[in-house]
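Have a look at upload04.txt; it's compact mmCIF, C-alpha atoms:
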# COMPACT_ATOMS: atom_id res chain seq x y z
CA MET H 29 -18.23 50.19 12.58
CA ALA H 30 -15.15 48.67 10.89
CA VAL H 31 -13.58 48.09 14.32
CA LEU H 32 -16.76 46.43 15.59
CA ASP H 33 -16.87 44.20 12.48
CA ARG H 34 -13.30 43.07 13.10
CA VAL H 35 -14.12 42.31 16.74
CA ARG H 36 -17.18 40.28 15.71
CA THR H 37 -15.29 38.22 13.12
CA ALA H 38 -12.07 37.71 15.11
CA PRO H 39 -13.31 34.77 17.23
CA HIS H 40 -14.16 32.84 14.06
CA GLN H 41 -10.72 33.25 12.44
CA PRO H 42 -8.96 30.49 14.43
CA GLU H 43 -11.80 28.09 13.57
CA THR H 44 -11.46 29.01 9.88
CA ARG H 45 -7.69 28.47 9.95
CA THR H 46 -8.19 25.11 11.70
CA ALA H 47 -10.71 24.01 9.08
CA GLN H 48 -8.36 25.09 6.29
CA ALA H 49 -5.47 23.21 7.92
CA LYS H 50 -7.55 20.04 8.21
CA LYS H 51 -8.63 20.36 4.60
CA GLY H 52 -5.02 20.84 3.51
CA ALA H 53 -3.86 17.84 5.53
CA ALA H 54 -6.63 15.70 4.04
CA GLY H 55 -5.63 16.78 0.54
CA LEU H 56 -2.00 15.93 1.21
CA GLY H 57 -3.01 12.57 2.64
CA VAL H 58 -5.00 11.71 -0.50
CA LEU H 59 -2.05 12.81 -2.66
CA LEU H 60 0.38 10.60 -0.72
CA ALA H 61 -1.99 7.63 -1.01
CA LEU H 62 -2.16 8.28 -4.76
CA VAL H 63 1.66 8.40 -5.05
CA ALA H 64 1.95 5.05 -3.25
CA THR H 65 -0.79 3.53 -5.40
CA VAL H 66 0.82 4.58 -8.70
CA VAL H 67 4.28 3.39 -7.63
CA TRP H 68 2.88 0.05 -6.41
CA SER H 69 1.08 -0.35 -9.73
CA GLY H 70 4.48 -0.38 -11.42
CA SER H 71 5.69 -2.99 -8.97
CA PHE H 72 3.06 -5.51 -10.17
CA VAL H 73 4.38 -5.09 -13.70
CA ALA H 74 7.98 -5.48 -12.49
CA THR H 75 7.03 -8.52 -10.42
CA ARG H 76 5.29 -10.19 -13.35
CA GLY H 77 8.19 -9.32 -15.64
CA MET H 78 10.79 -11.15 -13.51
CA ALA H 79 8.55 -14.02 -12.39
CA ASP H 80 10.27 -16.49 -14.74
CA SER H 81 13.81 -15.47 -13.84
CA VAL H 82 13.85 -14.82 -10.06
CA PRO H 83 12.23 -17.24 -7.55
CA PRO H 84 9.56 -15.43 -5.48
CA VAL H 85 11.19 -15.72 -2.04
CA GLN H 86 14.56 -14.63 -3.41
CA ALA H 87 12.98 -11.64 -5.16
CA VAL H 88 11.21 -10.55 -1.97
CA PHE H 89 14.31 -11.01 0.19
CA TRP H 90 16.52 -8.91 -2.09
CA ARG H 91 13.73 -6.35 -2.40
CA TRP H 92 13.97 -5.65 1.32
CA ILE H 93 17.78 -5.72 1.40
CA ILE H 94 17.73 -3.00 -1.27
CA ALA H 95 15.01 -1.11 0.63
CA ILE H 96 17.06 -1.24 3.84
CA ALA H 97 20.08 0.15 1.98
CA ALA H 98 17.91 2.98 0.61
CA VAL H 99 16.30 3.93 3.93
CA ALA H 100 19.18 3.34 6.36
CA PRO H 101 21.14 6.54 5.55
CA LEU H 102 18.05 8.58 6.46
CA ALA H 103 16.71 6.55 9.36
CA ALA H 104 19.55 4.62 11.05
CA ARG H 105 20.62 7.38 13.46
CA GLU H 106 17.05 8.13 14.50
CA ALA H 107 16.27 4.43 14.90
CA TRP H 108 19.30 4.03 17.18
CA ARG H 109 18.08 6.92 19.36
CA GLN H 110 14.66 5.26 19.60
CA ARG H 111 15.98 1.73 20.24
CA ASP H 112 14.30 1.60 23.67
CA LEU H 113 10.95 2.46 22.06
CA ILE H 114 11.50 -0.26 19.47
CA ARG H 115 12.12 -2.84 22.20
CA ARG H 116 9.06 -1.63 24.12
CA HIS H 117 6.79 -2.02 21.06
CA LEU H 118 8.60 -4.98 19.49
CA GLY H 119 5.49 -7.17 19.47
CA TYR H 120 3.46 -4.62 17.51
CA VAL H 121 6.30 -3.83 15.08
CA SER H 122 6.91 -7.54 14.49
CA LEU H 123 3.24 -8.11 13.66
CA ALA H 124 3.25 -5.21 11.20
CA SER H 125 6.47 -6.56 9.66
CA PHE H 126 4.94 -9.99 9.20
CA PHE H 127 1.74 -8.83 7.47
CA GLY H 128 3.08 -5.85 5.51
CA ILE H 129 6.65 -6.85 4.68
CA ALA H 130 7.20 -10.61 4.79
CA LEU H 131 3.81 -12.20 4.01
CA TYR H 132 2.16 -9.64 1.69
CA ASN H 133 5.03 -9.31 -0.75
CA THR H 134 5.81 -13.03 -0.80
CA LEU H 135 2.20 -13.73 -1.79
CA VAL H 136 2.36 -11.08 -4.52
CA HIS H 137 5.52 -12.55 -6.05
CA GLN H 138 4.09 -16.07 -5.80
CA ALA H 139 0.94 -14.90 -7.59
CA GLY H 140 3.04 -13.44 -10.40
CA LEU H 141 3.96 -16.98 -11.48
CA THR H 142 0.43 -17.93 -12.57
CA THR H 143 -1.63 -14.79 -13.19
CA SER H 144 -1.32 -11.59 -15.21
CA ALA H 145 -0.14 -8.24 -13.87
CA SER H 146 -3.53 -6.70 -14.63
CA ASN H 147 -5.33 -9.39 -12.64
CA MET H 148 -2.91 -8.84 -9.75
CA GLY H 149 -3.81 -5.17 -9.66
CA MET H 150 -7.53 -5.82 -10.01
CA ILE H 151 -7.66 -8.32 -7.15
CA MET H 152 -5.52 -6.13 -4.88
CA ALA H 153 -8.21 -3.50 -5.25
CA ALA H 154 -10.35 -5.73 -3.03
CA SER H 155 -8.18 -4.86 -0.02
CA PRO H 156 -9.88 -1.47 0.62
CA VAL H 157 -13.14 -3.36 1.27
CA VAL H 158 -11.40 -5.22 4.08
CA MET H 159 -9.78 -1.95 5.28
CA ALA H 160 -13.18 -0.28 5.44
CA GLY H 161 -14.58 -3.30 7.28
CA PHE H 162 -11.79 -3.08 9.86
CA ALA H 163 -12.42 0.66 10.22
CA ARG H 164 -16.15 0.07 10.72
CA LEU H 165 -15.46 -2.59 13.36
CA GLY H 166 -13.25 -0.03 15.08
CA GLY H 167 -16.18 2.37 15.36
CA GLN H 168 -15.43 4.63 12.40
CA LYS H 169 -18.49 5.86 10.49
CA LEU H 170 -17.95 5.72 6.73
CA GLY H 171 -20.95 7.77 5.59
CA ALA H 172 -23.46 6.99 2.85
CA VAL H 173 -21.56 8.64 -0.02
CA ARG H 174 -18.23 6.98 0.79
CA THR H 175 -19.92 3.63 1.31
CA PHE H 176 -21.66 3.90 -2.06
CA GLY H 177 -18.38 4.88 -3.71
CA MET H 178 -16.61 1.91 -2.16
CA LEU H 179 -19.35 -0.50 -3.31
CA LEU H 180 -19.37 0.99 -6.81
CA ALA H 181 -15.61 0.57 -7.10
CA ALA H 182 -15.83 -2.98 -5.72
CA PHE H 183 -18.48 -3.81 -8.32
CA GLY H 184 -16.15 -2.53 -11.03
CA VAL H 185 -13.34 -4.70 -9.68
CA LEU H 186 -15.56 -7.81 -9.72
CA LEU H 187 -16.56 -7.14 -13.31
CA LEU H 188 -12.92 -6.68 -14.26
CA VAL H 189 -11.87 -9.99 -12.74
CA GLY H 190 -14.89 -11.73 -14.29
CA LYS H 191 -14.13 -10.21 -17.71
CA GLY H 192 -17.46 -8.43 -17.91
CA SER H 193 -19.59 -10.81 -15.85
CA LEU H 194 -19.98 -11.71 -12.19
CA THR H 195 -18.95 -15.34 -12.81
CA MET H 196 -15.61 -15.77 -11.06
CA ASP H 197 -13.06 -18.14 -12.60
CA PHE H 198 -9.85 -17.72 -10.62
CA ALA H 199 -6.40 -19.11 -11.43
CA ALA H 200 -4.07 -20.21 -8.62
CA GLY H 201 -2.32 -16.84 -8.83
CA ASP H 202 -5.64 -15.07 -8.33
CA LEU H 203 -6.12 -16.93 -5.03
CA TRP H 204 -2.60 -16.00 -3.91
CA MET H 205 -3.52 -12.37 -4.64
CA PHE H 206 -6.65 -12.55 -2.51
CA GLY H 207 -4.41 -13.70 0.34
CA ALA H 208 -2.10 -10.76 -0.40
CA ALA H 209 -5.06 -8.34 -0.33
CA LEU H 210 -6.12 -9.61 3.09
CA SER H 211 -2.55 -9.35 4.40
CA PHE H 212 -2.14 -5.77 3.12
CA ALA H 213 -5.48 -4.72 4.61
CA SER H 214 -4.39 -6.16 7.97
CA TYR H 215 -1.14 -4.19 7.76
CA SER H 216 -2.99 -0.97 6.93
CA ALA H 217 -5.34 -1.50 9.89
CA LEU H 218 -2.32 -1.99 12.17
CA LEU H 219 -0.87 1.34 11.03
CA LYS H 220 -3.60 3.22 12.89
CA ARG H 221 -2.28 1.70 16.12
CA LYS H 222 1.32 2.81 15.55
CA PRO H 223 2.71 4.39 18.73
CA ALA H 224 2.83 8.15 18.17
CA GLU H 225 6.27 8.46 19.75
CA LEU H 226 7.77 6.03 17.22
CA SER H 227 8.81 8.12 14.20
CA GLY H 228 7.78 7.17 10.68
CA LEU H 229 11.34 6.57 9.48
CA THR H 230 12.20 4.47 12.52
CA PHE H 231 9.08 2.37 12.02
CA LEU H 232 9.85 1.97 8.32
CA LEU H 233 13.46 0.84 8.78
CA THR H 234 12.59 -1.47 11.68
CA THR H 235 9.82 -3.24 9.77
CA PHE H 236 12.10 -3.65 6.74
CA VAL H 237 14.85 -5.21 8.86
CA LEU H 238 12.48 -7.52 10.75
CA GLY H 239 10.74 -8.53 7.52
CA ALA H 240 14.07 -9.44 5.90
CA LEU H 241 15.04 -11.48 8.98
CA MET H 242 11.72 -13.34 8.82
CA LEU H 243 12.38 -14.17 5.17
CA ALA H 244 16.02 -15.22 5.64
CA PRO H 245 15.32 -18.92 6.44
CA ALA H 246 12.97 -19.29 3.46
CA TYR H 247 15.55 -17.52 1.26
CA ALA H 248 18.27 -19.97 2.33
CA VAL H 249 15.99 -22.94 1.52
CA SER H 250 15.09 -21.45 -1.87
CA VAL H 251 18.74 -20.98 -2.83
CA ALA H 252 19.59 -24.51 -1.71
CA VAL H 253 16.68 -26.10 -3.61
CA GLN H 254 16.20 -23.83 -6.64
CA GLY H 255 19.63 -22.25 -6.96
CA GLY H 256 20.31 -18.55 -7.33
CA PHE H 257 19.23 -16.30 -10.19
CA GLN H 258 21.30 -14.76 -12.95
CA VAL H 259 22.37 -11.19 -12.27
CA SER H 260 21.50 -9.14 -15.35
CA ALA H 261 19.76 -5.93 -16.38
CA GLY H 262 16.51 -7.90 -16.64
CA THR H 263 16.68 -8.94 -12.97
CA VAL H 264 18.57 -6.09 -11.28
CA GLY H 265 16.44 -3.34 -12.84
CA PRO H 266 13.09 -4.65 -11.55
CA LEU H 267 14.64 -5.45 -8.15
CA LEU H 268 15.94 -1.90 -7.84
CA TYR H 269 12.50 -0.55 -8.72
CA VAL H 270 10.63 -2.69 -6.20
CA GLY H 271 13.35 -2.17 -3.58
CA VAL H 272 13.76 1.61 -3.80
CA PHE H 273 10.49 2.95 -5.16
CA SER H 274 7.87 0.30 -4.33
CA SER H 275 9.33 -0.32 -0.87
CA ALA H 276 11.14 2.73 0.50
CA VAL H 277 9.20 5.50 -1.26
CA ALA H 278 5.73 3.94 -1.56
CA PHE H 279 5.60 2.46 1.96
CA PHE H 280 6.66 5.79 3.49
CA ALA H 281 3.99 7.65 1.47
CA TRP H 282 1.30 5.07 2.32
CA ASN H 283 2.11 4.99 6.03
CA LYS H 284 2.00 8.79 6.17
CA ALA H 285 -1.27 8.89 4.22
CA VAL H 286 -2.95 6.39 6.57
CA SER H 287 -1.83 8.41 9.60
CA MET H 288 -3.35 11.56 8.06
CA ILE H 289 -6.64 10.37 6.55
CA GLY H 290 -7.15 6.84 7.91
CA ALA H 291 -6.93 3.41 6.30
CA ALA H 292 -10.51 3.42 4.99
CA ARG H 293 -10.19 6.69 3.05
CA ALA H 294 -6.69 5.89 1.81
CA GLY H 295 -8.06 2.52 0.74
CA VAL H 296 -10.57 4.20 -1.55
CA VAL H 297 -7.72 5.91 -3.42
CA TYR H 298 -6.11 2.49 -3.68
CA TYR H 299 -8.96 1.47 -5.98
CA LEU H 300 -7.12 3.37 -8.73
CA GLN H 301 -4.48 0.65 -8.75
CA PRO H 302 -6.14 -1.76 -11.22
CA VAL H 303 -6.55 1.10 -13.68
CA CYS H 304 -2.86 2.03 -13.40
CA VAL H 305 -1.72 -1.60 -13.56
CA ALA H 306 -3.86 -2.34 -16.62
CA LEU H 307 -2.42 0.66 -18.47
CA LEU H 308 1.18 -0.15 -17.51
CA SER H 309 0.83 -3.86 -18.28
CA PHE H 310 -0.59 -2.98 -21.71
CA LEU H 311 2.24 -0.54 -22.46
CA LEU H 312 5.12 -2.62 -21.04
CA LEU H 313 3.97 -6.27 -21.22
CA GLY H 314 1.47 -6.19 -24.09
CA GLU H 315 -1.46 -7.39 -21.95
CA GLN H 316 -4.64 -6.37 -23.73
CA THR H 317 -7.36 -4.09 -22.27
CA GLY H 318 -10.74 -4.41 -24.00
CA PRO H 319 -13.90 -2.25 -24.00
CA ALA H 320 -15.44 -4.19 -21.08
CA GLN H 321 -12.35 -3.51 -18.98
CA LEU H 322 -12.46 0.19 -19.86
CA LEU H 323 -16.10 0.34 -18.74
CA CYS H 324 -15.20 -1.35 -15.45
CA MET H 325 -12.33 1.09 -14.97
CA ALA H 326 -14.82 3.95 -15.35
CA LEU H 327 -16.87 2.42 -12.52
CA ILE H 328 -13.75 2.20 -10.37
CA LEU H 329 -12.79 5.82 -11.06
CA GLY H 330 -16.33 6.99 -10.26
CA GLY H 331 -16.28 5.03 -7.03
CA VAL H 332 -12.93 6.55 -6.08
CA ALA H 333 -14.21 10.07 -6.73
CA LEU H 334 -17.21 9.47 -4.47
CA GLY H 335 -15.32 7.54 -1.82
CA ALA H 336 -12.59 10.16 -1.42
CA ARG H 337 -15.16 12.77 -0.38
CA ARG H 338 -15.93 13.54 3.25

Please express the file's structure as structure tokens.
Amino acid sequence: MAVLDRVRTAPHQPETRTAQAKKGAAGLGVLLALVATVVWSGSFVATRGMADSVPPVQAVFWRWIIAIAAVAPLAAREAWRQRDLIRRHLGYVSLASFFGIALYNTLVHQAGLTTSASNMGMIMAASPVVMAGFARLGGQKLGAVRTFGMLLAAFGVLLLVGKGSLTMDFAAGDLWMFGAALSFASYSALLKRKPAELSGLTFLLTTFVLGALMLAPAYAVSVAVQGGFQVSAGTVGPLLYVGVFSSAVAFFAWNKAVSMIGAARAGVVYYLQPVCVALLSFLLLGEQTGPAQLLCMALILGGVALGARR
């Protein structure tokens, strides 16, 4: 009988292992999206902290120069081997570089001039709504529970921005951040179309290089008109953080997460960002978080918990 039982259950074992592997991959994807979200939360604080000392375009340009220096030792040889693939898909890679590297980060640094770090994080949490919309247009079914979670988190974000009400009163920096949210969502949607034969490290290094080249003319104009910035611990430290961690580490983790679980599901995890930013901005910049904001954060966390489910 024991032999017969093993024979009966054997055909189901590969299916069980496949299900377990998919579950493990999904868990890893959520974890990578969380790592990117937490690291990016720190970048909003760093961006706001150096807003008065480093012009936005110059900060973004040096961010990507530092990121290239961090990634090149790991990716340069592989990128050289895949140079023909890069040329073949240059149009796609250039588009991803524009939205995710050049435009998105420039808008974020520009926003840091006229709005708080906590507002930056709150508004960026609107980007998963656009990601989910792109996914739905692409034919992906989100499901009732995930849709409800996304809407609940979005409602929490709106209350946060409105300071406890749904009356929106945006500063100029808030509008720049809405543009940044749209740009980042477009980049995340493009990630799903990344050619499979193009490795993650090659894609990362190539987009960093192309993004820096796109920014070079604007950087030259900024230096000529505004002058350079003073090199000090207060400027180099934040630039190293956004260059190494927020660019090299976080973008690699985010790109991998999107490839594993999709932009819509990774976007739900991204809703945690305003919570992380609010806590960090309170601890490091002294920006206050009141009871209404804490209540809204609870809505966001509840939405994330629901939206991350299958």

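Across the structure, atom CA of Arg109 of chain H and atom CA of Phe280 of chain H are spaced 19.6 Å apart.
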
Which residues are close to segment 260-267 of chain H, i.e. within 7 Å by only C-alpha atoms, leaving aside same-chain residues fewer than 4 positions away? Reply as a PyMOL selection string.
chain H and resi 74+78+91+271

Contact residues around Ala104 of chain H with all atoms listed in the file at 9 Å, ignoring same-chain residues under 6 positions, as a PDB file with C-alpha atoms, in the frame of the given file:
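Contents of result27.pdb, freshly written:
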ATOM      1  CA  LEU H 229      11.340   6.570   9.480  1.00  0.00           C
ATOM      2  CA  THR H 230      12.200   4.470  12.520  1.00  0.00           C
ATOM      3  CA  LEU H 233      13.460   0.840   8.780  1.00  0.00           C
TER       4      LEU H 233
END

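What separates atom CA of Gly140 of chain H from atom CA of Gly201 of chain H is a distance of 6.5 Å.
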
Write out as number ranges by chain each polymer residue whose atoms come within 12 Å of Trp108 of chain H, counting only C-alpha atoms; drop sequence neighbours fewer than 3 positions from it.
H: 100, 102-105, 111-115, 226-227, 229-231, 233-234

Hey, could you patch up segment 212-224 of chain H with N, CA, C and O atoms and hand it over as an mmCIF file, keeping the file's coordinate frame?
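Written out: selection_32.cif:
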data_model
loop_
_atom_site.group_PDB
_atom_site.id
_atom_site.type_symbol
_atom_site.label_atom_id
_atom_site.label_comp_id
_atom_site.auth_asym_id
_atom_site.auth_seq_id
_atom_site.Cartn_x
_atom_site.Cartn_y
_atom_site.Cartn_z
ATOM 1 N N PHE H 212 -2.393 -7.213 3.214
ATOM 2 C CA PHE H 212 -2.140 -5.770 3.120
ATOM 3 C C PHE H 212 -3.178 -4.976 3.897
ATOM 4 O O PHE H 212 -2.851 -3.965 4.530
ATOM 5 N N ALA H 213 -4.433 -5.406 3.849
ATOM 6 C CA ALA H 213 -5.480 -4.720 4.610
ATOM 7 C C ALA H 213 -5.201 -4.824 6.110
ATOM 8 O O ALA H 213 -5.421 -3.863 6.862
ATOM 9 N N SER H 214 -4.724 -5.982 6.558
ATOM 10 C CA SER H 214 -4.390 -6.160 7.970
ATOM 11 C C SER H 214 -3.251 -5.226 8.374
ATOM 12 O O SER H 214 -3.272 -4.607 9.448
ATOM 13 N N TYR H 215 -2.252 -5.099 7.494
ATOM 14 C CA TYR H 215 -1.140 -4.190 7.760
ATOM 15 C C TYR H 215 -1.626 -2.744 7.853
ATOM 16 O O TYR H 215 -1.236 -2.004 8.773
ATOM 17 N N SER H 216 -2.480 -2.348 6.930
ATOM 18 C CA SER H 216 -2.990 -0.970 6.930
ATOM 19 C C SER H 216 -3.809 -0.685 8.191
ATOM 20 O O SER H 216 -3.763 0.424 8.736
ATOM 21 N N ALA H 217 -4.584 -1.671 8.653
ATOM 22 C CA ALA H 217 -5.340 -1.500 9.890
ATOM 23 C C ALA H 217 -4.404 -1.345 11.087
ATOM 24 O O ALA H 217 -4.659 -0.542 11.994
ATOM 25 N N LEU H 218 -3.294 -2.087 11.073
ATOM 26 C CA LEU H 218 -2.320 -1.990 12.170
ATOM 27 C C LEU H 218 -1.661 -0.612 12.220
ATOM 28 O O LEU H 218 -1.260 -0.155 13.294
ATOM 29 N N LEU H 219 -1.535 0.038 11.064
ATOM 30 C CA LEU H 219 -0.870 1.340 11.030
ATOM 31 C C LEU H 219 -1.553 2.370 11.914
ATOM 32 O O LEU H 219 -0.909 3.267 12.465
ATOM 33 N N LYS H 220 -2.877 2.267 12.061
ATOM 34 C CA LYS H 220 -3.600 3.220 12.890
ATOM 35 C C LYS H 220 -3.244 3.079 14.362
ATOM 36 O O LYS H 220 -3.496 3.976 15.162
ATOM 37 N N ARG H 221 -2.655 1.938 14.731
ATOM 38 C CA ARG H 221 -2.280 1.700 16.120
ATOM 39 C C ARG H 221 -0.794 1.974 16.368
ATOM 40 O O ARG H 221 -0.282 1.663 17.438
ATOM 41 N N LYS H 222 -0.113 2.524 15.382
ATOM 42 C CA LYS H 222 1.320 2.810 15.550
ATOM 43 C C LYS H 222 1.538 3.789 16.689
ATOM 44 O O LYS H 222 0.893 4.837 16.737
ATOM 45 N N PRO H 223 2.428 3.465 17.630
ATOM 46 C CA PRO H 223 2.710 4.390 18.730
ATOM 47 C C PRO H 223 3.160 5.751 18.200
ATOM 48 O O PRO H 223 4.048 5.817 17.346
ATOM 49 N N ALA H 224 2.543 6.806 18.687
ATOM 50 C CA ALA H 224 2.830 8.150 18.170
ATOM 51 C C ALA H 224 4.280 8.543 18.379
ATOM 52 O O ALA H 224 4.856 9.278 17.559
#
